[in-house]
Amino acid sequence: MNAGSVFKPGSWRRWIGPLAVLALGFVLIYPIFKVYLTQPNSKIYAYSGDALVLYYNTEFHARYDNDAMLRNMNYPDGEYIYLTDAQGAVSNLCQWIHRHVTDLSNRTPGVIHSINLASVFAAMLLMYTLLRALGVQVFNAVLFAPLVIMLAPQFRRVGGHFGLGYPFLIPLAMLWFLRKYRVGKFEKRDLLVLGISVFFTFNNPYTGFNINFFLMLAGLLLWLFEDRKTKNWRRPAIISLMGAVPLLWVFADFHLFDHVTDRLSPQWGFFFYHASFEGLFHPPMSVLYDWLTRNKVAVPPVEFEAMLNVGIVTTLTLLAMVLLTIFGRFSGKNRPTWHKLTTAHRIIILSAFCLFLLAANTSIIPVSEDWLEDHMGWMLMFKASGRLGWAFYFALTVTGVVFIDRLYRLTSPWFMAGIFSFVMAVLWHSEINQYVKPNMADIFHDNFFGKKFEKEMLDVIEQNGIKTDEFQAMLGLPKMMAWSDKIHSDIHFNTQFNSMRMSVATGIPMINGMLSRIGLKHSMERVQMLSDPLIDREMLSKFPNQKDILLLLGLDHKPLTPGEQFLISISKELARTPTYALYRLKLADIQTQVAAHQQAALEQMDKTPPPLLHQGYDEQEAPIKFYGKGSRIVSPEKDVVVEYTSPFERDTQLVFSAWTYIDARKWGSGYWEFRTYDPAGQEREVTTFTIGKSNEVDGNWLKALQTVKLPKGGKLIVKTKHKHDQLIDEVMLWPIGANAAVNNVEENTFLFHGFKVRKQAGR
C-alpha cells in the first residue's frame, strides 16, 4: 500500500475501517468507563487531590470569572489560568459557553468527561489512520489501534489528572508529519492542526511540549537525513515551524500577561520526575515486571511519571526486530528489519527517542544537574519531565504493530496469519486488563458538584442565617497550600473537600492556593495568615475591603498550630456539621490581637533572659539576613549547625528555633535533623523538622520550631538536610516552658522566642 493513499478520497469502503475501530473501541472501553459514556455528568472520577481541584477550577471559572484570570483561589491576587492545573483552555471554553450559549452551572464535570472521552475515540481513529499510512493492513490497523491508545500513559490520566488525558495529540502530530513528508507544502487543513496544537498547549503545556518538540525535532532530522541542500529547506522548515509557532505563541503570552514575577523555578531539582528504561519496558503492574519479579530478578523502583509501559507484545516484537536486523546482516535474507522501515518512520522513532532522552535526562545522561539548573531558566518550573517521553511510547508501539503486520503478511495460510494477529491482540489486551484497568477501578463517585450536593452546602448557609455577601473570601484550615517544594501541606480531606464545594456553591473565593507553579510571595503571604500571633500579616494590606473572612475548619484534623488556633480563638462560630465548622473572622480583630501579643512580649523584653545558645552570625555582614548583620550559608551533610552538650543535672527538653531563607530560584526548604547522644556517645534519638511545613513566615524566611529531649550530660547535634546549600539565621536553644529574648541595640526590633517584635519608640 502507498503510504500516502490513506489521505486520498475513495469509495464508501474506506469508512469500514474507521467505523470498525470506533465499534471495537467502544466495546473495549465500555467496561472501564460505563456510565460516563452515556451520562457523563452523573459521576466524578475522584473527590480529593488533583482531580477535585481540576473539577473545582473549571466549575468556578465558568460560573464566576469573566476573563483568563482564575479567581477561585489565591485571593485577592488570583492566578493566570494557563499557568495552573486548571485546564485553562477548556475552562475558558466552558466560561464562554456558560455566558453565551447555555448555563453550565453544575454541569462542567460532564463537559470535561465528554471532551476526554471524545479525545479517546479521536485517538483511536487517528491511530488507525497513522497505521494505515505506515502500510499496515486494515485488519491489523482496526485490531491494534484501540489497543495502542488504551495502553498509552495519557489513557491512565483520563480517570484522575484528566488535564493530561488527551491521547489523540501525539498520533495527530505523527500523522501530520507523514502528510507534510509526502506533500511538502502548506494546506488549509494545517490551520486546524495549528489551532488544536495552540489550544492544548495553552490547556496544559506538557501536552503541547510533546507534540511541538516532536515536530521541531522531526523537521530537523528530516533536513539532516534527506534535505541538507539549501534549496530543499521547505519541507523541514514547514514541519519544524508547526512545532515552534505554538510554543512561541504560548510563551509570548505567558511573558506578556503573567502577573507573577517569582514563580517557582527548579521545583524539587532539575526535571525531578524523570523517565527511565525501566518505566518504558517493565514498570510495576506490567506483564514483564510480574515475570521478572516472579523469577527473582531485581527490578529498580519506578516513579509514576516514568511509567510509559509499551507492553510485553511491543517489547518482544522490538527484540525480535533487533535480532533479525543483526541476523540479516550476516544471512542476507529478506526479513522485516530496521532497514525495511521507511525514512519517515525512522524519523518518527528518532525524534521521539530524542524527547525520551530529554525526559530521562540526568537519570541516564552524565551531565551536571547543578549546571542545568543554572542555565535552563523557566523550563525548570515543569518538573515532570517524564511526560516528555510519551511520544516514544507511541513510536515504539506503532513500530511493534508495523512489525506484527509484516509477520502477518509473511504467514500463510491466511487464517493462520489471522490467528497470529489475534493472539498478539489478546496478549496486548490482557496487559491492559492487568496494567490499566486496576488503575481505573475506583472512578465512580457521586458528582459532588451537582445540584443535589450543592443544595446541601447552601442549606447549611441558610439554616444558620449566614449572609454570604458579608464575606470577601474564605480561608480553609488546617493549612492548605500546594504544589511546591518550598511550602508543604498535609492536605486535610475534610478541609479540601468541603471548602472547595462551599466556594463553588457560594461564589466566595479562597485565600488558600492549591495551584501549580504559584508565585512564592503569594504562597508565603497566605501561610503567614496562619503564623504565630507575634507576626504581622502582610496580607491584611492587600485585601480590597474590610469585609469579613469566612473560616472553614475541616473537622477530625491533626492538632492545630498556635497560629491556626489563634485565628479560631478570635473568630465567632457560625455553623457546625459532622465534617466541618464555619467561623466569622474580622480583619480588625487580627490586627488588634497581633498588636496585643506584640505589646505583651515587649513588656517582658528587659526581664527575659537570652537563650541558652544563640548563633546570629553577625561576625561578617551579609546582604540577606533575618536579624542583625549576618547570616550563614550551610552545606548539607558537611556542616554541623549546632553541637551542644547539656549542662543540666537531669534530662531536659529544649526548644530549637532557626530561620531559613526561601526564594523562587536558589534557596529552598529542606529539613533539620536532630541527633541526641547519651554521655557515653550512644545515639539516643533522631528527629526531623520539615522546613516547608512551618507556618511561621516573616518576609522570605521560614522558622523551624522543634522540641528536643536531651539526656543528662548528653549531646545534641543539628544539621540541615537538602539537595543544595541553605541560608540560615538566628539559631537558638532554650528550655521548654521558659522565655528567651535577644535585643540588639542597633535594631528597631528584638527577638522574642525567635520572632521579631517592634520596640517602643525611643527604646
# chains A, B, ... in the order shown; residues from 1 in each chain; ligands from 1
>>> residues_around(residues="Asn447 of chain A", least_positions_apart="6", cutoff="7 Å", atoms="only C-alpha atoms", output="VMD selection string")
chain A and resid 42 to 44
>>> select_by_dssp(residues="segment 537-589 of chain A", states="strand (DSSP E)", output="PyMOL selection string")
chain A and resi 548-554+572-576+580-585
>>> write_last_selection(atoms="N, CA and C atoms", output="PDB file, in the first residue's frame")
ATOM      1  N   ASP A 548     -15.569  40.636  56.167  1.00  0.00           N
ATOM      2  CA  ASP A 548     -15.072  39.543  56.995  1.00  0.00           C
ATOM      3  C   ASP A 548     -14.543  38.393  56.145  1.00  0.00           C
ATOM      4  N   ILE A 549     -13.808  37.518  56.820  1.00  0.00           N
ATOM      5  CA  ILE A 549     -13.306  36.279  56.221  1.00  0.00           C
ATOM      6  C   ILE A 549     -14.133  35.120  56.778  1.00  0.00           C
ATOM      7  N   LEU A 550     -14.552  34.219  55.903  1.00  0.00           N
ATOM      8  CA  LEU A 550     -15.252  33.016  56.322  1.00  0.00           C
ATOM      9  C   LEU A 550     -14.218  31.910  56.536  1.00  0.00           C
ATOM     10  N   LEU A 551     -14.056  31.476  57.780  1.00  0.00           N
ATOM     11  CA  LEU A 551     -13.151  30.370  58.068  1.00  0.00           C
ATOM     12  C   LEU A 551     -13.908  29.058  57.942  1.00  0.00           C
ATOM     13  N   LEU A 552     -13.318  28.109  57.244  1.00  0.00           N
ATOM     14  CA  LEU A 552     -13.862  26.760  57.211  1.00  0.00           C
ATOM     15  C   LEU A 552     -12.826  25.828  57.821  1.00  0.00           C
ATOM     16  N   LEU A 553     -13.196  25.216  58.931  1.00  0.00           N
ATOM     17  CA  LEU A 553     -12.308  24.293  59.635  1.00  0.00           C
ATOM     18  C   LEU A 553     -12.757  22.868  59.367  1.00  0.00           C
ATOM     19  N   GLY A 554     -11.922  22.095  58.683  1.00  0.00           N
ATOM     20  CA  GLY A 554     -12.222  20.686  58.489  1.00  0.00           C
ATOM     21  C   GLY A 554     -12.060  19.936  59.801  1.00  0.00           C
ATOM     22  N   LYS A 572     -15.819  33.922  65.505  1.00  0.00           N
ATOM     23  CA  LYS A 572     -17.131  33.541  66.043  1.00  0.00           C
ATOM     24  C   LYS A 572     -17.670  32.368  65.239  1.00  0.00           C
ATOM     25  N   GLU A 573     -18.023  31.289  65.938  1.00  0.00           N
ATOM     26  CA  GLU A 573     -18.566  30.127  65.240  1.00  0.00           C
ATOM     27  C   GLU A 573     -19.961  30.444  64.694  1.00  0.00           C
ATOM     28  N   LEU A 574     -20.166  30.069  63.416  1.00  0.00           N
ATOM     29  CA  LEU A 574     -21.443  30.320  62.746  1.00  0.00           C
ATOM     30  C   LEU A 574     -22.236  29.046  62.506  1.00  0.00           C
ATOM     31  N   ALA A 575     -21.564  27.953  62.253  1.00  0.00           N
ATOM     32  CA  ALA A 575     -22.253  26.699  61.927  1.00  0.00           C
ATOM     33  C   ALA A 575     -21.310  25.540  62.178  1.00  0.00           C
ATOM     34  N   ARG A 576     -21.891  24.379  62.475  1.00  0.00           N
ATOM     35  CA  ARG A 576     -21.092  23.166  62.697  1.00  0.00           C
ATOM     36  C   ARG A 576     -21.832  21.980  62.107  1.00  0.00           C
ATOM     37  N   TYR A 580     -17.311  19.682  59.111  1.00  0.00           N
ATOM     38  CA  TYR A 580     -16.661  20.986  59.079  1.00  0.00           C
ATOM     39  C   TYR A 580     -17.428  21.987  59.929  1.00  0.00           C
ATOM     40  N   ALA A 581     -16.737  23.068  60.274  1.00  0.00           N
ATOM     41  CA  ALA A 581     -17.354  24.171  61.008  1.00  0.00           C
ATOM     42  C   ALA A 581     -17.024  25.476  60.298  1.00  0.00           C
ATOM     43  N   LEU A 582     -17.924  26.447  60.411  1.00  0.00           N
ATOM     44  CA  LEU A 582     -17.748  27.758  59.788  1.00  0.00           C
ATOM     45  C   LEU A 582     -17.623  28.822  60.872  1.00  0.00           C
ATOM     46  N   TYR A 583     -16.713  29.781  60.642  1.00  0.00           N
ATOM     47  CA  TYR A 583     -16.469  30.854  61.594  1.00  0.00           C
ATOM     48  C   TYR A 583     -16.414  32.184  60.854  1.00  0.00           C
ATOM     49  N   ARG A 584     -16.737  33.254  61.600  1.00  0.00           N
ATOM     50  CA  ARG A 584     -16.581  34.622  61.095  1.00  0.00           C
ATOM     51  C   ARG A 584     -15.309  35.219  61.683  1.00  0.00           C
ATOM     52  N   LEU A 585     -14.414  35.655  60.815  1.00  0.00           N
ATOM     53  CA  LEU A 585     -13.157  36.277  61.238  1.00  0.00           C
ATOM     54  C   LEU A 585     -13.130  37.715  60.741  1.00  0.00           C
TER      55      LEU A 585
END
>>> residues_around(residues="Leu612 of chain A", least_positions_apart="5", cutoff="8 Å", atoms="only C-alpha atoms", output="PDB file with N, CA and C atoms, in the first residue's frame")
ATOM      1  N   MET A 732      18.724  29.210  67.812  1.00  0.00           N
ATOM      2  CA  MET A 732      18.617  29.347  69.267  1.00  0.00           C
ATOM      3  C   MET A 732      18.195  28.043  69.913  1.00  0.00           C
ATOM      4  N   LEU A 733      18.563  27.927  71.213  1.00  0.00           N
ATOM      5  CA  LEU A 733      18.073  26.861  72.089  1.00  0.00           C
ATOM      6  C   LEU A 733      17.692  27.478  73.425  1.00  0.00           C
ATOM      7  N   TRP A 734      16.554  27.062  73.988  1.00  0.00           N
ATOM      8  CA  TRP A 734      16.187  27.457  75.344  1.00  0.00           C
ATOM      9  C   TRP A 734      15.309  26.366  75.956  1.00  0.00           C
ATOM     10  N   PRO A 735      15.239  26.286  77.279  1.00  0.00           N
ATOM     11  CA  PRO A 735      14.436  25.238  77.918  1.00  0.00           C
ATOM     12  C   PRO A 735      12.949  25.428  77.638  1.00  0.00           C
TER      13      PRO A 735
END
>>> closest_residue(among="A:Leu131, A:Met216, A:Val35, A:Ala320", to="Asp446 of chain A", atoms="only C-alpha atoms")
A:Val35
>>> atom_distance(atom1="atom CA of Lys607 of chain A", atom2="atom CA of Gln593 of chain A")
22.6 Å
>>> residues_around(residues="segment 411-423 of chain A", least_positions_apart="6", cutoff="10 Å", atoms="only C-alpha atoms", output="PyMOL selection string")
chain A and resi 139-140+143-144+401+404-405+429
>>> closest_atom_pairs(of="segment 184-216 of chain A", to="segment 346-349 of chain A", cutoff="12 Å", atoms="only C-alpha atoms", output="JSON lines")
{"residue": "A:Ile211", "atom": "CA", "partner": "A:Ile348", "partner_atom": "CA", "distance": 11.6}
{"residue": "A:Phe213", "atom": "CA", "partner": "A:Ile348", "partner_atom": "CA", "distance": 12.0}
{"residue": "A:Phe214", "atom": "CA", "partner": "A:Ile348", "partner_atom": "CA", "distance": 8.3}
{"residue": "A:Leu215", "atom": "CA", "partner": "A:Ile348", "partner_atom": "CA", "distance": 9.1}
{"residue": "A:Met216", "atom": "CA", "partner": "A:Ile348", "partner_atom": "CA", "distance": 11.4}
>>> write_last_selection(atoms="C-alpha atoms", output="mmCIF file, in the first residue's frame")
data_model
loop_
_atom_site.group_PDB
_atom_site.id
_atom_site.type_symbol
_atom_site.label_atom_id
_atom_site.label_comp_id
_atom_site.auth_asym_id
_atom_site.auth_seq_id
_atom_site.Cartn_x
_atom_site.Cartn_y
_atom_site.Cartn_z
ATOM 1 C CA ILE A 211 3.606 17.428 20.030
ATOM 2 C CA PHE A 213 9.019 19.454 20.440
ATOM 3 C CA PHE A 214 8.416 16.268 18.460
ATOM 4 C CA LEU A 215 7.656 18.239 15.282
ATOM 5 C CA MET A 216 10.599 20.579 15.753
#
>>> closest_residue(among="A:Gln434, A:Thr687, A:Ser631, A:Gln706", to="Glu619 of chain A", atoms="only C-alpha atoms")
A:Ser631
